[in-house]
file target-v8.txt (compact mmCIF, C-alpha atoms)
# COMPACT_ATOMS: atom_id res chain seq x y z
CA MET A 1 -172.09 -209.14 -32.35
CA GLY A 2 -173.35 -210.89 -29.24
CA PRO A 3 -174.62 -213.32 -28.08
CA LEU A 4 -171.35 -215.01 -29.02
CA ILE A 5 -172.30 -218.69 -29.01
CA PRO A 6 -175.70 -218.41 -30.78
CA ASN A 7 -174.03 -216.17 -33.40
CA GLU A 8 -171.26 -218.79 -33.74
CA ILE A 9 -168.45 -216.37 -32.89
CA ILE A 10 -167.46 -218.90 -30.24
CA THR A 11 -168.09 -222.51 -31.28
CA GLY A 12 -170.35 -224.79 -29.28
CA ASP A 13 -167.38 -226.91 -28.20
CA TRP A 14 -166.50 -224.24 -25.65
CA ASN A 15 -170.01 -224.33 -24.22
CA PHE A 16 -169.29 -226.57 -21.23
CA VAL A 17 -165.96 -224.94 -20.37
CA ILE A 18 -167.73 -221.58 -20.33
CA ALA A 19 -170.59 -223.06 -18.30
CA LEU A 20 -168.13 -224.26 -15.67
CA LEU A 21 -166.30 -220.90 -15.49
CA ILE A 22 -169.54 -218.91 -15.29
CA GLY A 23 -170.69 -221.28 -12.54
CA VAL A 24 -167.46 -220.76 -10.59
CA ALA A 25 -167.97 -216.98 -10.74
CA PHE A 26 -171.63 -217.37 -9.72
CA GLY A 27 -170.79 -219.63 -6.77
CA PHE A 28 -167.95 -217.37 -5.64
CA ILE A 29 -170.15 -214.26 -5.66
CA LEU A 30 -172.98 -216.02 -3.78
CA GLU A 31 -170.70 -217.45 -1.09
CA ALA A 32 -168.63 -214.28 -0.69
CA SER A 33 -171.85 -212.27 -0.26
CA GLY A 34 -172.90 -214.50 2.65
CA PHE A 35 -175.51 -216.57 0.78
CA SER A 36 -174.05 -219.85 2.08
CA SER A 37 -175.74 -219.12 5.42
CA SER A 38 -179.45 -219.84 5.81
CA ARG A 39 -179.68 -217.40 8.73
CA ASN A 40 -178.35 -214.60 6.55
CA LEU A 41 -180.86 -215.47 3.84
CA ALA A 42 -183.89 -215.86 6.11
CA GLY A 43 -183.04 -212.49 7.69
CA VAL A 44 -184.74 -210.72 4.80
CA PHE A 45 -188.12 -212.02 6.02
CA TYR A 46 -187.59 -210.99 9.65
CA GLY A 47 -185.82 -207.67 9.19
CA TYR A 48 -182.51 -208.55 10.83
CA ASN A 49 -180.49 -208.99 7.64
CA PHE A 50 -181.43 -207.56 4.26
CA VAL A 51 -178.36 -208.85 2.42
CA VAL A 52 -180.59 -210.84 0.02
CA LEU A 53 -182.55 -207.76 -0.98
CA ARG A 54 -179.38 -205.68 -1.43
CA VAL A 55 -177.50 -208.18 -3.57
CA PHE A 56 -180.55 -209.30 -5.53
CA PHE A 57 -181.98 -205.87 -6.35
CA THR A 58 -178.54 -204.42 -7.17
CA ALA A 59 -177.89 -207.33 -9.54
CA VAL A 60 -181.29 -206.92 -11.24
CA ILE A 61 -180.93 -203.18 -11.86
CA VAL A 62 -177.27 -203.46 -12.98
CA ALA A 63 -178.19 -206.26 -15.39
CA MET A 64 -181.32 -204.47 -16.70
CA VAL A 65 -179.48 -201.20 -17.37
CA GLY A 66 -176.41 -203.04 -18.68
CA LEU A 67 -178.38 -205.18 -21.12
CA LEU A 68 -180.11 -202.07 -22.48
CA TYR A 69 -176.76 -200.33 -23.03
CA PHE A 70 -175.27 -203.44 -24.66
CA ASP A 71 -178.25 -203.45 -27.02
CA TYR A 72 -177.98 -199.67 -27.63
CA PHE A 73 -174.29 -199.90 -28.56
CA GLY A 74 -175.03 -202.86 -30.83
CA TRP A 75 -172.90 -205.29 -28.79
CA LEU A 76 -175.75 -207.64 -27.94
CA ASP A 77 -178.90 -208.27 -29.93
CA LEU A 78 -181.60 -208.50 -27.25
CA SER A 79 -184.01 -210.09 -29.74
CA LYS A 80 -181.69 -213.12 -29.81
CA ILE A 81 -181.47 -213.78 -26.06
CA PHE A 82 -183.66 -216.33 -24.31
CA ILE A 83 -186.72 -214.80 -22.65
CA LEU A 84 -188.23 -216.97 -19.92
CA PRO A 85 -191.72 -218.01 -21.07
CA THR A 86 -194.74 -217.04 -19.02
CA TYR A 87 -197.34 -219.59 -17.87
CA LEU A 88 -199.27 -217.26 -15.64
CA ALA A 89 -201.32 -219.40 -13.23
CA PRO A 90 -198.79 -222.26 -12.83
CA MET A 91 -195.97 -219.77 -12.26
CA ILE A 92 -197.92 -217.94 -9.54
CA VAL A 93 -198.75 -221.24 -7.80
CA GLY A 94 -195.15 -222.45 -8.19
CA SER A 95 -193.80 -219.22 -6.71
CA VAL A 96 -196.15 -219.44 -3.73
CA ILE A 97 -194.82 -222.96 -3.12
CA MET A 98 -191.23 -221.72 -3.52
CA GLY A 99 -191.85 -218.82 -1.14
CA ILE A 100 -193.03 -221.22 1.57
CA GLY A 101 -190.07 -223.50 0.82
CA PHE A 102 -187.70 -220.56 1.14
CA VAL A 103 -188.90 -219.60 4.63
CA MET A 104 -189.01 -223.24 5.81
CA GLY A 105 -185.72 -224.32 4.25
CA GLY A 106 -183.71 -221.11 4.49
CA PHE A 107 -182.10 -221.65 1.10
CA CYS A 108 -182.90 -221.55 -2.56
CA PRO A 109 -181.32 -224.07 -4.96
CA GLY A 110 -178.22 -222.08 -6.00
CA THR A 111 -177.43 -220.86 -2.49
CA SER A 112 -177.77 -224.39 -1.09
CA PHE A 113 -174.97 -225.55 -3.45
CA THR A 114 -172.62 -222.93 -1.94
CA GLY A 115 -173.71 -223.96 1.57
CA ILE A 116 -172.77 -227.56 0.76
CA ALA A 117 -169.37 -226.34 -0.51
CA ILE A 118 -168.43 -224.95 2.91
CA GLY A 119 -169.79 -227.89 4.93
CA LYS A 120 -173.37 -226.98 5.92
CA MET A 121 -175.39 -230.15 6.52
CA ASP A 122 -178.65 -228.19 6.39
CA ALA A 123 -177.74 -227.09 2.84
CA LEU A 124 -177.06 -230.70 1.84
CA VAL A 125 -180.39 -231.85 3.27
CA PHE A 126 -182.13 -228.96 1.48
CA ALA A 127 -180.60 -230.14 -1.81
CA ILE A 128 -181.77 -233.71 -1.11
CA GLY A 129 -185.22 -232.21 -0.56
CA LEU A 130 -184.98 -230.47 -3.94
CA PHE A 131 -184.22 -233.81 -5.55
CA LEU A 132 -187.15 -235.51 -3.83
CA GLY A 133 -189.49 -232.64 -4.68
CA ILE A 134 -188.65 -232.73 -8.38
CA PHE A 135 -188.97 -236.55 -8.31
CA LEU A 136 -192.43 -236.26 -6.73
CA PHE A 137 -193.37 -233.69 -9.36
CA GLY A 138 -192.15 -236.00 -12.15
CA GLU A 139 -194.12 -238.95 -10.79
CA GLY A 140 -197.28 -236.89 -10.29
CA TYR A 141 -196.96 -235.08 -13.61
CA PRO A 142 -199.71 -236.99 -15.48
CA PHE A 143 -202.25 -235.75 -12.92
CA ILE A 144 -201.23 -232.09 -13.12
CA ALA A 145 -200.11 -231.81 -16.75
CA ASP A 146 -203.15 -229.79 -17.81
CA PHE A 147 -202.61 -227.18 -15.13
CA PHE A 148 -198.84 -227.19 -15.66
CA ASN A 149 -199.27 -226.28 -19.33
CA SER A 150 -202.09 -223.79 -18.83
CA GLY A 151 -201.87 -220.02 -19.18
CA ASP A 152 -199.16 -220.15 -21.84
CA MET A 153 -198.44 -216.57 -22.95
CA GLY A 154 -195.22 -217.42 -24.80
CA ASN A 155 -191.82 -215.77 -24.29
CA VAL A 156 -193.27 -212.38 -23.43
CA THR A 157 -191.46 -209.39 -21.94
CA LEU A 158 -192.90 -206.66 -19.74
CA THR A 159 -193.03 -204.48 -22.87
CA ASP A 160 -195.05 -207.10 -24.79
CA VAL A 161 -197.62 -207.25 -22.00
CA THR A 162 -197.90 -203.56 -21.08
CA GLY A 163 -196.74 -201.69 -24.19
CA ILE A 164 -194.38 -199.63 -22.02
CA ALA A 165 -190.77 -199.45 -23.31
CA ALA A 166 -188.12 -201.41 -21.41
CA PRO A 167 -186.05 -198.39 -20.23
CA TRP A 168 -189.02 -197.18 -18.19
CA PHE A 169 -189.05 -200.49 -16.33
CA ALA A 170 -185.31 -200.24 -15.72
CA LEU A 171 -185.82 -196.73 -14.34
CA GLY A 172 -188.82 -197.83 -12.23
CA PHE A 173 -186.97 -200.80 -10.74
CA THR A 174 -183.95 -198.59 -9.98
CA VAL A 175 -186.07 -196.04 -8.11
CA ILE A 176 -187.89 -198.79 -6.17
CA ALA A 177 -184.58 -200.50 -5.36
CA LEU A 178 -182.96 -197.31 -4.04
CA ALA A 179 -186.02 -196.59 -1.90
CA ALA A 180 -185.99 -200.18 -0.60
CA PHE A 181 -182.26 -199.96 0.27
CA TRP A 182 -182.89 -196.85 2.32
CA ILE A 183 -186.03 -198.11 4.09
CA THR A 184 -184.61 -201.56 4.91
CA ALA A 185 -181.38 -200.07 6.31
CA THR A 186 -183.52 -198.21 8.84
CA ILE A 187 -185.57 -201.30 9.71
CA GLU A 188 -182.45 -203.44 10.05
CA LYS A 189 -180.83 -201.02 12.48
CA LYS A 190 -183.88 -201.15 14.77
CA VAL A 191 -184.25 -204.94 14.68
CA ARG A 192 -180.55 -205.62 15.22
CA LYS A 193 -180.52 -203.61 18.45
CA ASN A 194 -182.32 -206.52 20.11
CA MET A 195 -180.13 -209.23 18.60
CA THR A 196 -176.68 -209.70 20.02
CA GLU A 197 -176.13 -213.43 19.66
CA TYR A 198 -176.26 -213.65 15.89
CA LYS A 199 -173.17 -212.81 13.86
CA PHE A 200 -173.97 -210.82 10.78
CA MET B 201 -168.51 -219.29 21.97
CA MET B 202 -170.47 -216.35 20.67
CA ASN B 203 -169.15 -212.97 21.61
CA LYS B 204 -171.68 -210.46 22.78
CA HIS B 205 -171.50 -206.88 21.63
CA ASN B 206 -168.32 -207.12 19.66
CA ASN B 207 -167.23 -208.06 16.23
CA THR B 208 -164.53 -210.65 16.81
CA GLY B 209 -165.16 -213.78 14.82
CA ARG B 210 -167.53 -211.86 12.59
CA PRO B 211 -167.66 -213.47 9.14
CA HIS B 212 -166.13 -211.36 6.40
CA TYR B 213 -168.53 -210.87 3.55
CA LEU B 214 -168.40 -208.69 0.46
CA ASN B 215 -170.18 -205.39 0.66
CA PRO B 216 -173.66 -206.48 -0.55
CA TYR B 217 -173.94 -203.68 -3.11
CA PHE B 218 -170.53 -204.63 -4.51
CA GLY B 219 -171.61 -208.30 -4.58
CA GLY B 220 -174.80 -207.23 -6.36
CA VAL B 221 -172.87 -205.27 -9.00
CA LEU B 222 -170.63 -208.31 -9.62
CA LEU B 223 -173.67 -210.57 -9.92
CA GLY B 224 -175.39 -208.14 -12.30
CA LEU B 225 -172.25 -207.97 -14.48
CA LEU B 226 -172.11 -211.77 -14.47
CA VAL B 227 -175.72 -211.94 -15.71
CA ILE B 228 -174.81 -209.52 -18.55
CA ALA B 229 -171.66 -211.50 -19.40
CA THR B 230 -173.63 -214.77 -19.44
CA PHE B 231 -176.23 -213.33 -21.83
CA TYR B 232 -173.46 -211.81 -23.98
CA ILE B 233 -171.63 -215.11 -24.31
CA THR B 234 -174.39 -217.73 -24.29
CA GLY B 235 -177.61 -215.84 -25.05
CA ARG B 236 -179.13 -217.46 -21.95
CA GLY B 237 -179.00 -216.90 -18.24
CA LEU B 238 -177.80 -218.56 -15.05
CA GLY B 239 -179.73 -221.33 -13.34
CA ALA B 240 -179.68 -223.82 -10.50
CA SER B 241 -182.82 -225.98 -10.20
CA GLY B 242 -182.33 -227.25 -13.76
CA ALA B 243 -179.26 -229.21 -12.72
CA VAL B 244 -181.23 -231.02 -10.00
CA LYS B 245 -183.91 -231.84 -12.57
CA SER B 246 -181.24 -233.36 -14.84
CA SER B 247 -180.02 -235.45 -11.88
CA VAL B 248 -183.54 -236.70 -11.17
CA VAL B 249 -184.08 -237.62 -14.83
CA THR B 250 -180.71 -239.41 -14.92
CA VAL B 251 -181.43 -241.46 -11.79
CA VAL B 252 -184.94 -242.41 -12.94
CA GLU B 253 -183.66 -243.32 -16.40
CA THR B 254 -180.90 -245.49 -14.89
CA VAL B 255 -183.12 -247.27 -12.37
CA ALA B 256 -186.25 -247.62 -14.50
CA PRO B 257 -185.49 -246.79 -18.16
CA GLN B 258 -188.89 -247.82 -19.51
CA HIS B 259 -190.72 -245.80 -16.88
CA ALA B 260 -188.61 -242.71 -17.72
CA GLU B 261 -189.16 -242.99 -21.44
CA SER B 262 -192.91 -243.51 -21.13
CA SER B 263 -193.27 -240.57 -18.72
CA PRO B 264 -194.50 -237.44 -20.48
CA TYR B 265 -192.29 -235.35 -18.18
CA TYR B 266 -188.96 -237.18 -17.88
CA SER B 267 -188.93 -238.10 -21.56
CA LYS B 268 -188.81 -234.41 -22.51
CA TYR B 269 -185.37 -234.19 -20.90
CA ILE B 270 -183.81 -237.43 -22.19
CA PRO B 271 -181.62 -236.64 -25.20
CA GLU B 272 -181.34 -239.23 -27.98
CA ASP B 273 -177.61 -239.76 -28.09
CA THR B 274 -176.23 -238.61 -24.76
CA SER B 275 -176.85 -238.51 -21.00
CA PRO B 276 -179.28 -235.99 -19.45
CA MET B 277 -176.26 -234.86 -17.40
CA ASN B 278 -174.61 -233.59 -20.58
CA ASN B 279 -176.34 -230.28 -20.07
CA TRP B 280 -175.21 -226.64 -19.76
CA LEU B 281 -176.85 -226.13 -16.35
CA VAL B 282 -175.24 -229.27 -14.89
CA PHE B 283 -171.76 -228.00 -15.75
CA GLU B 284 -172.65 -224.51 -14.52
CA SER B 285 -173.99 -225.86 -11.21
CA PHE B 286 -170.87 -227.94 -10.70
CA GLY B 287 -169.03 -224.65 -11.17
CA VAL B 288 -171.24 -223.05 -8.48
CA LEU B 289 -170.11 -225.73 -6.05
CA LEU B 290 -166.44 -225.11 -6.98
CA GLY B 291 -166.87 -221.34 -6.79
CA GLY B 292 -168.45 -221.64 -3.35
CA LEU B 293 -165.56 -223.84 -2.29
CA LEU B 294 -163.05 -221.30 -3.62
CA SER B 295 -164.71 -218.42 -1.76
CA GLY B 296 -164.88 -220.59 1.36
CA VAL B 297 -161.12 -221.17 1.12
CA VAL B 298 -160.36 -217.49 0.46
CA TYR B 299 -162.45 -216.26 3.41
CA GLY B 300 -161.68 -219.18 5.74
CA ARG B 301 -165.24 -220.46 6.04
CA ILE B 302 -164.60 -224.14 5.24
CA LYS B 303 -164.99 -226.09 8.46
CA LYS B 304 -166.11 -229.55 9.43
CA PHE B 305 -169.68 -230.58 8.66
CA ARG B 306 -172.11 -228.57 10.75
CA ILE B 307 -175.79 -227.63 10.98
CA GLU B 308 -176.64 -223.96 11.11
CA HIS B 309 -179.87 -223.29 13.00
CA GLY B 310 -181.70 -220.60 14.92
CA ASP B 311 -181.32 -220.40 18.69
CA GLY B 312 -184.87 -221.61 19.31
CA ILE B 313 -184.67 -225.00 17.55
CA SER B 314 -182.55 -228.15 17.60
CA GLY B 315 -180.29 -229.29 14.78
CA SER B 316 -182.56 -232.20 13.84
CA LYS B 317 -185.60 -229.94 13.64
CA ARG B 318 -183.62 -227.66 11.35
CA LEU B 319 -182.82 -230.61 9.09
CA ILE B 320 -186.46 -231.70 8.89
CA PHE B 321 -187.52 -228.21 7.84
CA ALA B 322 -184.59 -227.98 5.40
CA LEU B 323 -185.76 -231.23 3.77
CA LEU B 324 -189.39 -230.07 3.58
CA GLY B 325 -188.39 -226.62 2.35
CA GLY B 326 -186.14 -228.16 -0.29
CA ALA B 327 -188.92 -230.49 -1.47
CA LEU B 328 -191.37 -227.57 -1.77
CA PHE B 329 -188.77 -225.51 -3.63
CA GLY B 330 -188.20 -228.44 -5.99
CA ILE B 331 -191.91 -228.80 -6.78
CA GLY B 332 -192.44 -225.04 -7.03
CA SER B 333 -189.48 -224.54 -9.37
CA GLN B 334 -191.07 -226.90 -11.91
CA PHE B 335 -194.32 -224.94 -12.00
CA GLY B 336 -192.33 -221.69 -11.93
CA ARG B 337 -190.16 -222.70 -14.91
CA GLY B 338 -187.12 -221.91 -12.79
CA CYS B 339 -186.10 -220.87 -9.31
CA THR B 340 -184.70 -217.71 -7.74
CA SER B 341 -181.72 -217.83 -10.14
CA GLY B 342 -183.12 -218.71 -13.54
CA ALA B 343 -186.59 -217.23 -13.18
CA ALA B 344 -186.57 -214.51 -10.50
CA LEU B 345 -183.09 -213.02 -11.04
CA VAL B 346 -182.28 -213.67 -14.69
CA GLY B 347 -185.91 -213.58 -15.84
CA SER B 348 -186.51 -210.20 -14.23
CA ALA B 349 -183.18 -208.81 -15.43
CA SER B 350 -184.09 -209.70 -19.02
CA PHE B 351 -187.53 -208.05 -18.63
CA SER B 352 -189.44 -211.37 -18.83
CA PHE B 353 -193.00 -210.90 -17.60
CA GLY B 354 -192.99 -214.33 -15.96
CA GLY B 355 -189.63 -213.65 -14.32
CA VAL B 356 -190.94 -210.54 -12.58
CA ILE B 357 -194.08 -212.43 -11.48
CA VAL B 358 -191.92 -215.20 -9.96
CA MET B 359 -189.71 -212.68 -8.15
CA LEU B 360 -192.64 -210.73 -6.67
CA VAL B 361 -194.64 -213.82 -5.66
CA ILE B 362 -191.70 -215.70 -4.06
CA PHE B 363 -190.73 -212.75 -1.86
CA GLY B 364 -194.34 -211.70 -1.26
CA THR B 365 -195.25 -215.22 -0.10
CA GLY B 366 -192.12 -215.33 2.06
CA TYR B 367 -193.26 -212.23 3.93
CA ALA B 368 -196.84 -213.52 4.14
CA VAL B 369 -195.85 -216.82 5.79
CA ALA B 370 -192.76 -215.66 7.74
CA TYR B 371 -194.79 -215.18 10.91
CA PHE B 372 -195.74 -218.88 11.07
CA PHE B 373 -192.12 -220.03 10.85
CA ARG B 374 -190.55 -217.34 13.05
CA LYS B 375 -189.50 -219.85 15.72
CA LEU B 376 -187.11 -221.41 13.21
CA TRP B 377 -185.12 -218.20 12.80
CA ILE B 378 -185.65 -215.66 15.59

call {"tool": "encode", "arguments": {"input": "target-v8.txt", "output": "structure tokens"}}
result
Amino acid sequence: MGPLIPNEIITGDWNFVIALLIGVAFGFILEASGFSSSRNLAGVFYGYNFVVLRVFFTAVIVAMVGLLYFDYFGWLDLSKIFILPTYLAPMIVGSVIMGIGFVMGGFCPGTSFTGIAIGKMDALVFAIGLFLGIFLFGEGYPFIADFFNSGDMGNVTLTDVTGIAAPWFALGFTVIALAAFWITATIEKKVRKNMTEYKF
Amino acid sequence: MMNKHNNTGRPHYLNPYFGGVLLGLLVIATFYITGRGLGASGAVKSSVVTVVETVAPQHAESSPYYSKYIPEDTSPMNNWLVFESFGVLLGGLLSGVVYGRIKKFRIEHGDGISGSKRLIFALLGGALFGIGSQFGRGCTSGAALVGSASFSFGGVIVMLVIFGTGYAVAYFFRKLWI
């Protein structure tokens, strides 16, 4: 049955209305979880607030397990969904750059939009930075095109690369997530004892 | 005024596990409806392409990068992720209204740094994130969250390397936050 739009159960005319509604839900969840605050987000790297890890890991394991069930019940054909392609070396380099940007800027792109929505100037400046960064990339592209397009493995899944079936990864991530929730709760309690000025 | 040792004025957030379940369900719903996932950096890319195309159309069309994102018959802004990201802004606004977090423009920064220093690092961090998200084929939303959730090998790599790098460099930027 699903995905509805690619299977033409919903026509493409609804695409942008649906995009807007999905975006509203996304923005609401991010803001309501506290992701509009850079200090909440950066807390994951310093042990005083693991809200990022909790929300993120919960979402990943719910979505992984949910997608597998949707496929199992025949509601959603997983062979028809978009799988992010893998360009191994450029993606590792890009993620290192993003990791540094995350700690320096305190936001990621989506969370900065919700920060702007509630009046955070630092979120607005972060988004201006995003714009400038992508512009710089676009201007410098001819010099880095070869590297950018290197290591193309196609739209591969974990199963394609390792030969291990997807449910095992869902199970593995769930176990790791539960362990991480428990460990980080202990760390957070210790670190917060020394912090009284910051509102969680 | 900050209150020491009590919870008055404490922001009201969703329970993070509840927020995570909602976000996970949203990822499933998005795949079910559209066959694709959520995203954020893509909308900024569309904005960049639009501005470059408006200011210097010949430059944009001759560029091997921008030209990939200029459609024949419509604007680069006529794009799923642009509408979705506009929704993110509205959704953030809605949550801000519901929980009373919309206030006048302000800069949030750690106790150890000034507001202007915070803005400089926000600009630099944003620029790095913008560059990195191009190499990464997406950011924390489209690549790390949605990519991992749909078992993409690259998505999991992006997730692990972003957070791993964050921990590796956190020490050098600790004055910004703690």

call {"tool": "closest_residue", "arguments": {"input": "target-v8.txt", "among": "B:Thr250, B:Ser314, B:Ser262, B:Ser348", "to": "chain A", "atoms": "all atoms listed in the file"}}
result
B:Ser348

call {"tool": "closest_residue", "arguments": {"input": "target-v8.txt", "among": "B:Ala260, B:Ile313, B:Ile233, B:Val282", "to": "chain A", "atoms": "only C-alpha atoms"}}
result
B:Ile233

call {"tool": "axis_aligned_box", "arguments": {"input": "target-v8.txt", "around": "stretch 78-88 of chain A", "padding_each_side": "5 Å", "output": "AutoDock Vina command-line options"}}
result
--center_x -190.4 --center_y -214.0 --center_z -22.7 --size_x 27.8 --size_y 21.1 --size_z 24.2

call {"tool": "residues_around", "arguments": {"input": "target-v8.txt", "residues": "stretch 119-123 of chain A", "least_positions_apart": "6", "cutoff": "10 Å", "atoms": "all atoms listed in the file", "output": "PyMOL selection string"}}
result
(chain A and resi 36-38+105-109+111-113+129) or (chain B and resi 293+296+301-309+315-316+318-323+326)

call {"tool": "closest_residue", "arguments": {"input": "target-v8.txt", "among": "B:Gly300, B:Gly224, B:Gly237, B:Gly287", "to": "B:Gly355", "atoms": "only C-alpha atoms"}}
result
B:Gly237

call {"tool": "closest_residue", "arguments": {"input": "target-v8.txt", "among": "A:Ala127, A:Leu171, A:Val55, A:Ile118", "to": "B:Ala243", "atoms": "all atoms listed in the file"}}
result
A:Ala127

call {"tool": "residues_near_point", "arguments": {"input": "target-v8.txt", "point": "(-193.4, -235.3, -8.5)", "cutoff": "12 Å", "atoms": "only C-alpha atoms", "output": "MDAnalysis selection string"}}
result
(chainID A and resid 129:145) or (chainID B and resid 245 248:249 252 263 265:266 327:335)

call {"tool": "residues_around", "arguments": {"input": "target-v8.txt", "residues": "stretch 369-378 of chain B", "least_positions_apart": "2", "cutoff": "7 Å", "atoms": "only C-alpha atoms", "output": "ChimeraX atom specification"}}
result
/A:39,45,100,103-104 /B:310,312-313,365-367

call {"tool": "residues_near_point", "arguments": {"input": "target-v8.txt", "point": "(-173.6, -213.7, -32.4)", "cutoff": "10 Å", "atoms": "only C-alpha atoms", "output": "ChimeraX atom specification"}}
result
/A:1-10,75-77,80 /B:232-235

call {"tool": "closest_residue", "arguments": {"input": "target-v8.txt", "among": "A:Ile187, A:Leu178, A:Met153, A:Ile22", "to": "A:Ile83", "atoms": "all atoms listed in the file"}}
result
A:Met153

call {"tool": "closest_residue", "arguments": {"input": "target-v8.txt", "among": "B:Ser275, B:Ser241, B:Ser246, B:Ser267", "to": "chain A", "atoms": "all atoms listed in the file"}}
result
B:Ser241

call {"tool": "atom_distance", "arguments": {"input": "target-v8.txt", "atom1": "atom CA of B:Ala229", "atom2": "atom CA of B:Leu281"}}
result
15.8 Å

call {"tool": "atom_distance", "arguments": {"input": "target-v8.txt", "atom1": "atom CA of B:Ala343", "atom2": "atom CA of A:Val125"}}
result
22.9 Å

call {"tool": "atom_distance", "arguments": {"input": "target-v8.txt", "atom1": "atom CA of A:Phe57", "atom2": "atom CA of A:Gly99"}}
result
17.1 Å
